[in-house]
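Content type mmCIF, C-alpha atoms, from the file protein-v6.cif:
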```cif
data_structure
loop_
_atom_site.group_PDB
_atom_site.id
_atom_site.type_symbol
_atom_site.label_atom_id
_atom_site.label_comp_id
_atom_site.auth_asym_id
_atom_site.auth_seq_id
_atom_site.Cartn_x
_atom_site.Cartn_y
_atom_site.Cartn_z
ATOM 1 C CA MET W 1 -17.621 -49.841 19.366
ATOM 2 C CA SER W 2 -15.392 -50.233 16.339
ATOM 3 C CA SER W 3 -12.972 -53.115 15.874
ATOM 4 C CA LYS W 4 -10.196 -50.562 15.918
ATOM 5 C CA SER W 5 -11.100 -49.363 19.414
ATOM 6 C CA CYS W 6 -11.269 -52.978 20.655
ATOM 7 C CA ASN W 7 -7.763 -53.794 19.411
ATOM 8 C CA PHE W 8 -5.420 -54.548 22.299
ATOM 9 C CA ASP W 9 -2.463 -55.579 20.135
ATOM 10 C CA GLY W 10 0.632 -53.603 21.001
ATOM 11 C CA PHE W 11 0.435 -53.804 24.771
ATOM 12 C CA MET W 12 3.503 -55.576 26.085
ATOM 13 C CA GLY W 13 5.675 -56.080 29.128
ATOM 14 C CA ASP W 14 4.771 -56.685 32.768
ATOM 15 C CA PHE W 15 1.909 -54.201 32.747
ATOM 16 C CA ARG W 16 0.214 -55.596 29.627
ATOM 17 C CA GLU W 17 -2.807 -57.233 31.279
ATOM 18 C CA LEU W 18 -3.258 -54.402 33.759
ATOM 19 C CA MET W 19 -3.199 -51.810 30.979
ATOM 20 C CA ILE W 20 -5.817 -53.766 29.052
ATOM 21 C CA GLN W 21 -7.994 -53.903 32.187
ATOM 22 C CA PHE W 22 -7.533 -50.154 32.622
ATOM 23 C CA VAL W 23 -8.552 -49.381 29.025
ATOM 24 C CA GLN W 24 -11.569 -51.715 29.282
ATOM 25 C CA MET W 25 -12.622 -49.925 32.456
ATOM 26 C CA LYS W 26 -12.369 -46.531 30.747
ATOM 27 C CA ARG W 27 -14.418 -47.702 27.767
ATOM 28 C CA SER W 28 -17.068 -49.221 30.023
ATOM 29 C CA LEU W 29 -17.546 -45.704 31.412
ATOM 30 C CA GLY W 30 -18.277 -44.344 27.938
ATOM 31 C CA PHE W 31 -14.863 -42.980 26.909
ATOM 32 C CA ASP W 32 -13.437 -43.740 23.446
ATOM 33 C CA TYR W 33 -9.958 -44.071 24.918
ATOM 34 C CA VAL W 34 -8.362 -44.809 21.556
ATOM 35 C CA GLN W 35 -5.602 -42.191 21.415
ATOM 36 C CA GLU W 36 -4.939 -42.657 25.125
ATOM 37 C CA ALA W 37 -4.695 -46.419 24.644
ATOM 38 C CA ASN W 38 -2.140 -45.906 21.873
ATOM 39 C CA SER W 39 -0.126 -43.721 24.237
ATOM 40 C CA LEU W 40 -0.259 -46.459 26.869
ATOM 41 C CA LYS W 41 0.961 -48.971 24.295
ATOM 42 C CA ARG W 42 4.018 -46.796 23.740
ATOM 43 C CA PHE W 43 4.440 -46.574 27.503
ATOM 44 C CA SER W 44 4.250 -50.385 27.786
ATOM 45 C CA LYS W 45 7.044 -50.681 25.218
ATOM 46 C CA PHE W 46 9.065 -48.097 27.150
ATOM 47 C CA THR W 47 8.800 -50.208 30.342
ATOM 48 C CA LEU W 48 10.756 -53.004 28.647
ATOM 49 C CA ASN W 49 13.899 -50.965 29.400
ATOM 50 C CA TYR W 50 13.304 -51.392 33.144
ATOM 51 C CA THR W 51 13.220 -54.292 35.584
ATOM 52 C CA ILE W 52 9.709 -54.550 37.005
ATOM 53 C CA GLN W 53 9.126 -56.295 40.311
ATOM 54 C CA ASN W 54 5.637 -57.244 41.499
ATOM 55 C CA HIS W 55 4.083 -54.891 38.968
ATOM 56 C CA ALA W 56 5.443 -51.896 40.848
ATOM 57 C CA LEU W 57 5.352 -48.618 38.968
ATOM 58 C CA THR W 58 8.440 -46.858 40.265
ATOM 59 C CA LYS W 59 9.211 -43.160 40.430
ATOM 60 C CA GLU W 60 12.314 -43.724 38.302
ATOM 61 C CA LEU W 61 10.252 -45.298 35.516
ATOM 62 C CA VAL W 62 7.442 -42.729 35.613
ATOM 63 C CA ASP W 63 9.764 -39.718 35.740
ATOM 64 C CA ALA W 64 11.712 -41.048 32.768
ATOM 65 C CA TRP W 65 8.517 -41.527 30.774
ATOM 66 C CA ILE W 66 6.990 -38.121 31.484
ATOM 67 C CA GLN W 67 10.079 -36.079 30.686
ATOM 68 C CA LYS W 68 9.215 -33.388 28.159
ATOM 69 C CA ARG W 69 10.485 -34.301 24.723
ATOM 70 C CA PRO W 70 12.182 -31.908 22.295
ATOM 71 C CA ASN W 71 9.629 -29.845 20.358
ATOM 72 C CA GLU W 72 6.739 -31.561 22.185
ATOM 73 C CA HIS W 73 3.639 -29.384 22.432
ATOM 74 C CA GLU W 74 2.642 -28.397 25.952
ATOM 75 C CA ARG W 75 -0.792 -29.935 25.572
ATOM 76 C CA THR W 76 0.610 -33.243 24.267
ATOM 77 C CA TRP W 77 3.005 -33.338 27.207
ATOM 78 C CA GLU W 78 0.164 -32.571 29.617
ATOM 79 C CA HIS W 79 -1.981 -35.388 28.196
ATOM 80 C CA ARG W 80 0.896 -37.871 28.442
ATOM 81 C CA ILE W 81 1.463 -37.012 32.103
ATOM 82 C CA ASN W 82 -2.241 -37.241 32.856
ATOM 83 C CA GLU W 83 -2.526 -40.667 31.187
ATOM 84 C CA ALA W 84 0.380 -41.959 33.278
ATOM 85 C CA LYS W 85 -1.190 -40.433 36.390
ATOM 86 C CA GLN W 86 -4.552 -42.102 35.810
ATOM 87 C CA PHE W 87 -2.956 -45.492 35.160
ATOM 88 C CA ALA W 88 -0.882 -45.126 38.332
ATOM 89 C CA GLN W 89 -4.025 -44.309 40.313
ATOM 90 C CA PHE W 90 -5.686 -47.388 38.840
ATOM 91 C CA LEU W 91 -2.767 -49.581 39.950
ATOM 92 C CA SER W 92 -2.794 -48.033 43.408
ATOM 93 C CA GLN W 93 -6.508 -48.757 43.792
ATOM 94 C CA LEU W 94 -5.796 -52.394 42.943
ATOM 95 C CA GLY W 95 -3.196 -52.521 45.710
ATOM 96 C CA TYR W 96 -0.028 -52.267 43.632
ATOM 97 C CA ASP W 97 2.865 -50.012 44.534
ATOM 98 C CA ALA W 98 2.593 -47.125 42.084
ATOM 99 C CA TYR W 99 4.174 -43.710 41.953
ATOM 100 C CA ILE W 100 1.531 -41.123 40.998
ATOM 101 C CA PRO W 101 3.050 -38.179 39.104
ATOM 102 C CA VAL W 102 1.946 -34.602 39.578
ATOM 103 C CA CYS W 103 0.364 -32.991 36.542
ATOM 104 C CA ARG W 104 2.687 -30.215 35.421
ATOM 105 C CA ALA W 105 0.255 -28.362 33.198
ATOM 106 C CA LYS W 106 1.030 -24.666 33.005
ATOM 107 C CA ILE W 107 -2.529 -23.769 31.979
ATOM 108 C CA ASN W 108 -5.517 -24.265 34.226
ATOM 109 C CA ARG W 109 -8.354 -24.412 31.719
ATOM 110 C CA ASN W 110 -10.954 -24.068 34.445
ATOM 111 C CA LEU W 111 -9.755 -20.487 34.870
ATOM 112 C CA PHE W 112 -10.369 -19.634 31.226
ATOM 113 C CA VAL W 113 -13.161 -17.095 30.891
ATOM 114 C CA PRO W 114 -15.083 -17.473 27.615
ATOM 115 C CA HIS W 115 -16.247 -14.504 25.627
ATOM 116 C CA ILE W 116 -20.008 -14.114 25.858
ATOM 117 C CA PHE W 117 -21.198 -12.265 22.769
ATOM 118 C CA THR W 118 -23.793 -9.571 23.240
ATOM 119 C CA VAL W 119 -26.952 -9.578 21.140
ATOM 120 C CA GLU W 120 -25.601 -6.567 19.251
ATOM 121 C CA GLN W 121 -22.335 -8.404 18.502
ATOM 122 C CA LEU W 122 -24.237 -11.458 17.286
ATOM 123 C CA CYS W 123 -26.254 -9.276 14.921
ATOM 124 C CA ARG W 124 -23.034 -7.848 13.507
ATOM 125 C CA ILE W 125 -21.536 -11.325 13.118
ATOM 126 C CA PHE W 126 -24.542 -12.712 11.259
ATOM 127 C CA SER W 127 -24.796 -9.598 9.096
ATOM 128 C CA ALA W 128 -21.127 -10.003 8.133
ATOM 129 C CA CYS W 129 -21.750 -13.674 7.322
ATOM 130 C CA ASP W 130 -24.571 -12.690 5.014
ATOM 131 C CA THR W 131 -22.205 -10.516 2.983
ATOM 132 C CA ILE W 132 -19.651 -13.249 2.196
ATOM 133 C CA THR W 133 -18.869 -12.848 -1.487
ATOM 134 C CA PRO W 134 -20.357 -15.692 -3.586
ATOM 135 C CA HIS W 135 -17.926 -17.773 -5.635
ATOM 136 C CA PRO W 136 -18.789 -20.145 -8.505
ATOM 137 C CA LEU W 137 -16.491 -22.875 -7.150
ATOM 138 C CA SER W 138 -17.564 -22.573 -3.518
ATOM 139 C CA ASN W 139 -20.806 -22.505 -1.553
ATOM 140 C CA ARG W 140 -19.322 -20.801 1.506
ATOM 141 C CA SER W 141 -21.578 -17.794 1.109
ATOM 142 C CA GLN W 142 -24.556 -20.087 1.764
ATOM 143 C CA VAL W 143 -23.079 -22.679 4.121
ATOM 144 C CA PHE W 144 -21.247 -20.450 6.597
ATOM 145 C CA PRO W 145 -24.169 -18.131 7.508
ATOM 146 C CA ALA W 146 -26.377 -21.177 8.160
ATOM 147 C CA LEU W 147 -23.669 -23.006 10.094
ATOM 148 C CA TYR W 148 -22.853 -20.083 12.409
ATOM 149 C CA ARG W 149 -26.532 -19.538 13.123
ATOM 150 C CA LEU W 150 -26.927 -23.216 14.045
ATOM 151 C CA LEU W 151 -23.866 -23.166 16.323
ATOM 152 C CA TYR W 152 -25.362 -20.316 18.306
ATOM 153 C CA GLY W 153 -29.035 -21.233 17.935
ATOM 154 C CA CYS W 154 -28.557 -24.792 19.232
ATOM 155 C CA GLY W 155 -25.289 -24.529 21.148
ATOM 156 C CA LEU W 156 -23.682 -27.307 19.122
ATOM 157 C CA ARG W 157 -20.029 -28.234 19.110
ATOM 158 C CA ILE W 158 -18.461 -27.569 15.703
ATOM 159 C CA SER W 159 -17.711 -31.289 15.336
ATOM 160 C CA GLU W 160 -21.385 -32.099 15.912
ATOM 161 C CA ALA W 161 -22.578 -29.564 13.354
ATOM 162 C CA LEU W 162 -20.146 -30.652 10.643
ATOM 163 C CA ALA W 163 -21.017 -34.332 11.189
ATOM 164 C CA LEU W 164 -24.719 -33.749 10.501
ATOM 165 C CA LYS W 165 -26.135 -35.721 7.606
ATOM 166 C CA MET W 166 -29.342 -34.979 5.736
ATOM 167 C CA LYS W 167 -31.113 -37.746 7.671
ATOM 168 C CA ASP W 168 -30.203 -35.993 10.962
ATOM 169 C CA VAL W 169 -32.032 -32.743 10.169
ATOM 170 C CA ASP W 170 -35.824 -32.955 10.362
ATOM 171 C CA LEU W 171 -37.005 -29.597 9.073
ATOM 172 C CA LYS W 172 -40.691 -30.578 9.266
ATOM 173 C CA GLN W 173 -40.491 -31.186 13.019
ATOM 174 C CA GLY W 174 -37.669 -28.707 13.631
ATOM 175 C CA ILE W 175 -35.510 -31.331 15.342
ATOM 176 C CA ILE W 176 -31.848 -32.227 14.878
ATOM 177 C CA THR W 177 -30.465 -35.636 15.831
ATOM 178 C CA ILE W 178 -26.907 -35.689 17.177
ATOM 179 C CA ARG W 179 -25.471 -39.179 16.774
ATOM 180 C CA GLY W 180 -22.551 -40.666 18.705
ATOM 181 C CA ALA W 181 -21.163 -37.334 19.887
ATOM 182 C CA LYS W 182 -19.035 -36.814 22.988
ATOM 183 C CA PHE W 183 -19.433 -39.696 25.486
ATOM 184 C CA LYS W 184 -21.032 -41.702 22.632
ATOM 185 C CA LYS W 185 -24.486 -40.310 23.384
ATOM 186 C CA ASP W 186 -27.254 -39.558 20.902
ATOM 187 C CA ARG W 187 -29.605 -36.682 21.603
ATOM 188 C CA LEU W 188 -32.486 -34.796 20.001
ATOM 189 C CA ILE W 189 -32.159 -31.021 19.624
ATOM 190 C CA PRO W 190 -35.311 -28.948 19.048
ATOM 191 C CA MET W 191 -34.759 -25.756 17.053
ATOM 192 C CA SER W 192 -36.531 -22.435 17.219
ATOM 193 C CA SER W 193 -39.072 -21.732 14.479
ATOM 194 C CA SER W 194 -36.942 -18.898 13.068
ATOM 195 C CA LEU W 195 -33.850 -21.104 12.802
ATOM 196 C CA THR W 196 -35.897 -23.907 11.257
ATOM 197 C CA GLN W 197 -37.257 -21.517 8.621
ATOM 198 C CA TYR W 198 -33.764 -20.233 7.851
ATOM 199 C CA LEU W 199 -32.456 -23.783 7.393
ATOM 200 C CA GLU W 200 -35.424 -24.626 5.177
ATOM 201 C CA ALA W 201 -34.378 -21.826 2.811
ATOM 202 C CA TYR W 202 -30.769 -23.007 3.009
ATOM 203 C CA PHE W 203 -31.878 -26.549 2.198
ATOM 204 C CA LEU W 204 -33.725 -25.439 -0.936
ATOM 205 C CA ASN W 205 -30.624 -23.599 -2.183
ATOM 206 C CA ILE W 206 -28.002 -26.245 -1.408
ATOM 207 C CA HIS W 207 -29.685 -29.632 -1.448
ATOM 208 C CA THR W 208 -31.692 -29.683 -4.673
ATOM 209 C CA ILE W 209 -30.154 -33.107 -5.349
ATOM 210 C CA SER W 210 -29.036 -34.895 -2.186
ATOM 211 C CA THR W 211 -29.364 -38.223 -0.432
ATOM 212 C CA SER W 212 -30.009 -38.917 3.237
ATOM 213 C CA ALA W 213 -26.317 -39.810 3.655
ATOM 214 C CA ASP W 214 -25.009 -36.482 2.327
ATOM 215 C CA PHE W 215 -23.542 -33.931 4.718
ATOM 216 C CA PHE W 216 -25.947 -31.131 5.585
ATOM 217 C CA PHE W 217 -23.132 -28.552 5.514
ATOM 218 C CA ARG W 218 -21.276 -29.800 2.464
ATOM 219 C CA LYS W 219 -18.785 -28.458 -0.025
ATOM 220 C CA LYS W 220 -19.445 -28.322 -3.748
ATOM 221 C CA ASP W 221 -17.782 -31.745 -4.102
ATOM 222 C CA ASN W 222 -20.112 -33.155 -1.402
ATOM 223 C CA THR W 223 -17.316 -33.513 1.180
ATOM 224 C CA VAL W 224 -17.376 -31.992 4.640
ATOM 225 C CA TYR W 225 -15.674 -28.756 5.634
ATOM 226 C CA ALA W 226 -12.723 -28.933 8.029
ATOM 227 C CA ALA W 227 -13.269 -27.406 11.462
ATOM 228 C CA ASN W 228 -10.068 -25.396 11.020
ATOM 229 C CA THR W 229 -11.490 -23.785 7.880
ATOM 230 C CA ILE W 230 -14.600 -22.712 9.771
ATOM 231 C CA THR W 231 -12.512 -21.342 12.651
ATOM 232 C CA LYS W 232 -10.264 -19.283 10.370
ATOM 233 C CA ASN W 233 -13.258 -17.806 8.607
ATOM 234 C CA PHE W 234 -14.849 -16.950 11.960
ATOM 235 C CA HIS W 235 -11.740 -15.006 12.979
ATOM 236 C CA HIS W 236 -12.004 -13.098 9.700
ATOM 237 C CA ILE W 237 -15.672 -12.362 10.422
ATOM 238 C CA LEU W 238 -14.766 -11.029 13.882
ATOM 239 C CA TRP W 239 -12.171 -8.729 12.319
ATOM 240 C CA ARG W 240 -14.735 -7.401 9.855
ATOM 241 C CA CYS W 241 -17.155 -6.787 12.735
ATOM 242 C CA GLY W 242 -14.576 -4.860 14.733
ATOM 243 C CA ILE W 243 -14.596 -7.431 17.532
ATOM 244 C CA SER W 244 -11.088 -7.609 18.965
ATOM 245 C CA HIS W 245 -9.364 -11.004 18.880
ATOM 246 C CA GLY W 246 -6.643 -11.667 21.427
ATOM 247 C CA GLY W 247 -4.738 -14.193 19.349
ATOM 248 C CA LYS W 248 -4.363 -17.967 19.535
ATOM 249 C CA ALA W 249 -6.019 -19.566 22.604
ATOM 250 C CA ARG W 250 -7.187 -16.143 23.828
ATOM 251 C CA GLY W 251 -10.460 -15.712 21.987
ATOM 252 C CA PRO W 252 -13.101 -14.858 21.199
ATOM 253 C CA ARG W 253 -13.285 -18.359 19.773
ATOM 254 C CA LEU W 254 -15.764 -20.180 17.572
ATOM 255 C CA HIS W 255 -16.616 -22.342 20.604
ATOM 256 C CA ASP W 256 -17.732 -19.204 22.425
ATOM 257 C CA LEU W 257 -20.913 -19.300 20.347
ATOM 258 C CA ARG W 258 -21.761 -22.412 22.377
ATOM 259 C CA HIS W 259 -20.852 -20.648 25.626
ATOM 260 C CA THR W 260 -23.026 -17.719 24.587
ATOM 261 C CA PHE W 261 -25.963 -20.006 23.811
ATOM 262 C CA ALA W 262 -25.649 -21.563 27.289
ATOM 263 C CA VAL W 263 -25.556 -18.209 29.066
ATOM 264 C CA HIS W 264 -28.373 -16.689 27.002
ATOM 265 C CA SER W 265 -30.518 -19.805 27.487
ATOM 266 C CA LEU W 266 -30.025 -19.753 31.238
ATOM 267 C CA SER W 267 -30.738 -16.027 31.268
ATOM 268 C CA GLN W 268 -34.010 -16.561 29.406
ATOM 269 C CA MET W 269 -35.102 -19.397 31.697
ATOM 270 C CA VAL W 270 -34.417 -17.311 34.806
ATOM 271 C CA ARG W 271 -36.352 -14.374 33.371
ATOM 272 C CA GLN W 272 -39.243 -16.749 32.681
ATOM 273 C CA GLY W 273 -39.207 -17.853 36.309
ATOM 274 C CA VAL W 274 -37.815 -21.365 35.787
ATOM 275 C CA ASP W 275 -36.258 -22.734 38.973
ATOM 276 C CA LEU W 276 -32.476 -23.072 38.557
ATOM 277 C CA TYR W 277 -32.567 -26.588 39.966
ATOM 278 C CA CYS W 278 -34.749 -27.458 36.969
ATOM 279 C CA ALA W 279 -33.011 -25.196 34.467
ATOM 280 C CA LEU W 280 -29.517 -26.639 34.886
ATOM 281 C CA PRO W 281 -30.438 -30.292 34.223
ATOM 282 C CA LEU W 282 -32.451 -29.210 31.179
ATOM 283 C CA LEU W 283 -29.549 -27.181 29.824
ATOM 284 C CA SER W 284 -27.112 -29.983 30.638
ATOM 285 C CA ALA W 285 -29.138 -32.522 28.636
ATOM 286 C CA TYR W 286 -29.555 -30.112 25.719
ATOM 287 C CA LEU W 287 -25.811 -29.425 25.545
ATOM 288 C CA GLY W 288 -24.953 -33.127 25.757
ATOM 289 C CA HIS W 289 -22.986 -32.890 28.988
ATOM 290 C CA ALA W 290 -22.262 -36.002 31.008
ATOM 291 C CA SER W 291 -23.417 -34.365 34.224
ATOM 292 C CA VAL W 292 -24.914 -31.169 35.608
ATOM 293 C CA SER W 293 -21.541 -30.359 37.166
ATOM 294 C CA ALA W 294 -20.103 -30.003 33.663
ATOM 295 C CA THR W 295 -22.779 -27.428 32.890
ATOM 296 C CA GLU W 296 -22.054 -25.616 36.144
ATOM 297 C CA ARG W 297 -18.443 -25.168 35.048
ATOM 298 C CA TYR W 298 -19.470 -24.338 31.502
ATOM 299 C CA VAL W 299 -21.745 -21.384 32.097
ATOM 300 C CA ARG W 300 -19.988 -18.163 33.141
ATOM 301 C CA LEU W 301 -21.870 -15.054 34.082
ATOM 302 C CA THR W 302 -20.581 -11.608 34.862
ATOM 303 C CA GLY W 303 -22.014 -9.302 37.462
ATOM 304 C CA GLU W 304 -21.925 -6.356 35.082
ATOM 305 C CA ALA W 305 -23.833 -8.001 32.237
ATOM 306 C CA TYR W 306 -26.277 -10.110 34.261
ATOM 307 C CA PRO W 307 -26.799 -8.612 37.720
ATOM 308 C CA GLY W 308 -30.398 -9.818 37.937
ATOM 309 C CA ILE W 309 -29.449 -13.402 37.156
ATOM 310 C CA LEU W 310 -26.641 -13.397 39.688
ATOM 311 C CA ASP W 311 -29.100 -12.126 42.297
ATOM 312 C CA ALA W 312 -31.425 -15.004 41.473
ATOM 313 C CA VAL W 313 -28.566 -17.491 41.621
ATOM 314 C CA SER W 314 -27.342 -16.183 44.970
ATOM 315 C CA LYS W 315 -30.728 -16.938 46.531
ATOM 316 C CA THR W 316 -30.638 -20.593 45.533
ATOM 317 C CA CYS W 317 -27.236 -21.940 44.495
ATOM 318 C CA ALA W 318 -24.653 -19.164 44.502
ATOM 319 C CA TYR W 319 -21.829 -21.698 44.717
ATOM 320 C CA ILE W 320 -22.443 -22.769 41.132
ATOM 321 C CA PHE W 321 -20.968 -19.837 39.254
ATOM 322 C CA PRO W 322 -17.498 -18.427 39.853
ATOM 323 C CA ALA W 323 -17.110 -14.722 40.301
ATOM 324 C CA VAL W 324 -15.815 -13.092 37.136
ATOM 325 C CA LYS W 325 -14.166 -9.719 37.066
ATOM 326 C CA VAL W 326 -15.031 -7.619 34.054
ATOM 327 C CA LYS W 327 -12.052 -5.744 32.717
#
```

How does this structure look as structure tokens?
Amino acid sequence: MSSKSCNFDGFMGDFRELMIQFVQMKRSLGFDYVQEANSLKRFSKFTLNYTIQNHALTKELVDAWIQKRPNEHERTWEHRINEAKQFAQFLSQLGYDAYIPVCRAKINRNLFVPHIFTVEQLCRIFSACDTITPHPLSNRSQVFPALYRLLYGCGLRISEALALKMKDVDLKQGIITIRGAKFKKDRLIPMSSSLTQYLEAYFLNIHTISTSADFFFRKKDNTVYAANTITKNFHHILWRCGISHGGKARGPRLHDLRHTFAVHSLSQMVRQGVDLYCALPLLSAYLGHASVSATERYVRLTGEAYPGILDAVSKTCAYIFPAVKVK
């Protein structure tokens, strides 16, 4: 853990020690809790405007803190309410009088249905990537096709893929090492032979002179690409492929390559006769989820596209996957 994440300077007021205990508890569970801790520091400063008795977190204080601010993004507002809610729950569990606010989020992300690309759509996407016009000042025409194939072929998060260094990609063994990703967990990711061969060719073109500390998907100046750049290019690729995009937050999204990998992997395991009780933990570990329940929420199947899989699921654990209506 970095010295920055261990810094408790800035907490003040009557709740100072309790907030520090709360942050320490969160970090002991594997959460970074850096941005959230900074938000709590601002909350602790805000409490100085109120008279606190017996460390009671009053409704008046909480409601004043969670009021939506001018021009505040909905998601930022939602996070601020949720942070206050979790701290209030923590106080309540310790026996303090604490008002627990209701999360006012307008979007229930659990209801979001990801776009699962068909094999035909994936072929069109990769073909479009392979026709990116080369440019003497950019290596996008080489980096992007390899990156998109890795995102789908291994189900990586874009942050994980962009963070890869040369030392993390073992092309002889066909294994990728993900270091300190979500929940601060390292994991080994085996690749298919076809993806390994593709990345070997990419390596020979891009990394003629590189060190183990260089980014695997690097720019000409040896810096890393921004995730936003990759996302914008992906939207352009979808447009070229004739795959309709619904606009911001509607998808298909770059992250749907990861969703698609999860669904296709589960589909393949079921077709091969792997028991779902074994398949889900395997998929969960591969994806880097904290629990199997996260994988259960992650994978969405539709009755129209995968009727055989849904039949298999219904015989063992039908409760896992929500019903999805295909429009």

Give as a ChimeraX atom specification the residues that the PyMOL selection byres ((chain W and resi 45-53) around 8) matches when applied to the coordinates above.
/W:11-14,41-44,54-57,61,65

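Between atom CA of Lys185 of chain W and atom CA of His289 of chain W the interatomic distance comes to 9.4 Å.
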
Which residues would end up in the selection if the PyMOL selection byres ((chain W and resi 160-175) around 8) were applied here, given that I need the answer as a ChimeraX atom specification?
/W:147,150-151,156-159,176-178,181,188-193,196,199-200,210-217,224-225,227

Residues matched by the PyMOL selection byres ((chain W and resi 118) around 12), written as a PyMOL selection string:
chain W and resi 115-117+119-125+152+243+256-257+259-261+263-264+305-306

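Interatomic distance, atom CA of Val23 of chain W against atom CA of Arg69 of chain W: 24.7 Å.
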
Smallest atom-to-atom distance to Gly155 of chain W: which of W:Ala226, W:Ile81, W:Leu287, W:Met269, using all atoms listed in the file?
W:Leu287

Do you have the atom CA of Ile20 of chain W-atom CA of Phe8 of chain W distance handy?
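Between atom CA of Ile20 of chain W and atom CA of Phe8 of chain W the gap is 6.8 Å.
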
Residue among W:Asn233, W:Ser284, W:Ser141, W:Ser39 lying closest to Trp77 of chain W, counting all atoms listed in the file:
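Result for the nearest residue to Trp77 of chain W: W:Ser39.
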
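Minimum distance to Val143 of chain W across W:Ala262, W:Ile206, W:Leu238, W:Cys103 (counting all atoms listed in the file) occurs at W:Ile206.
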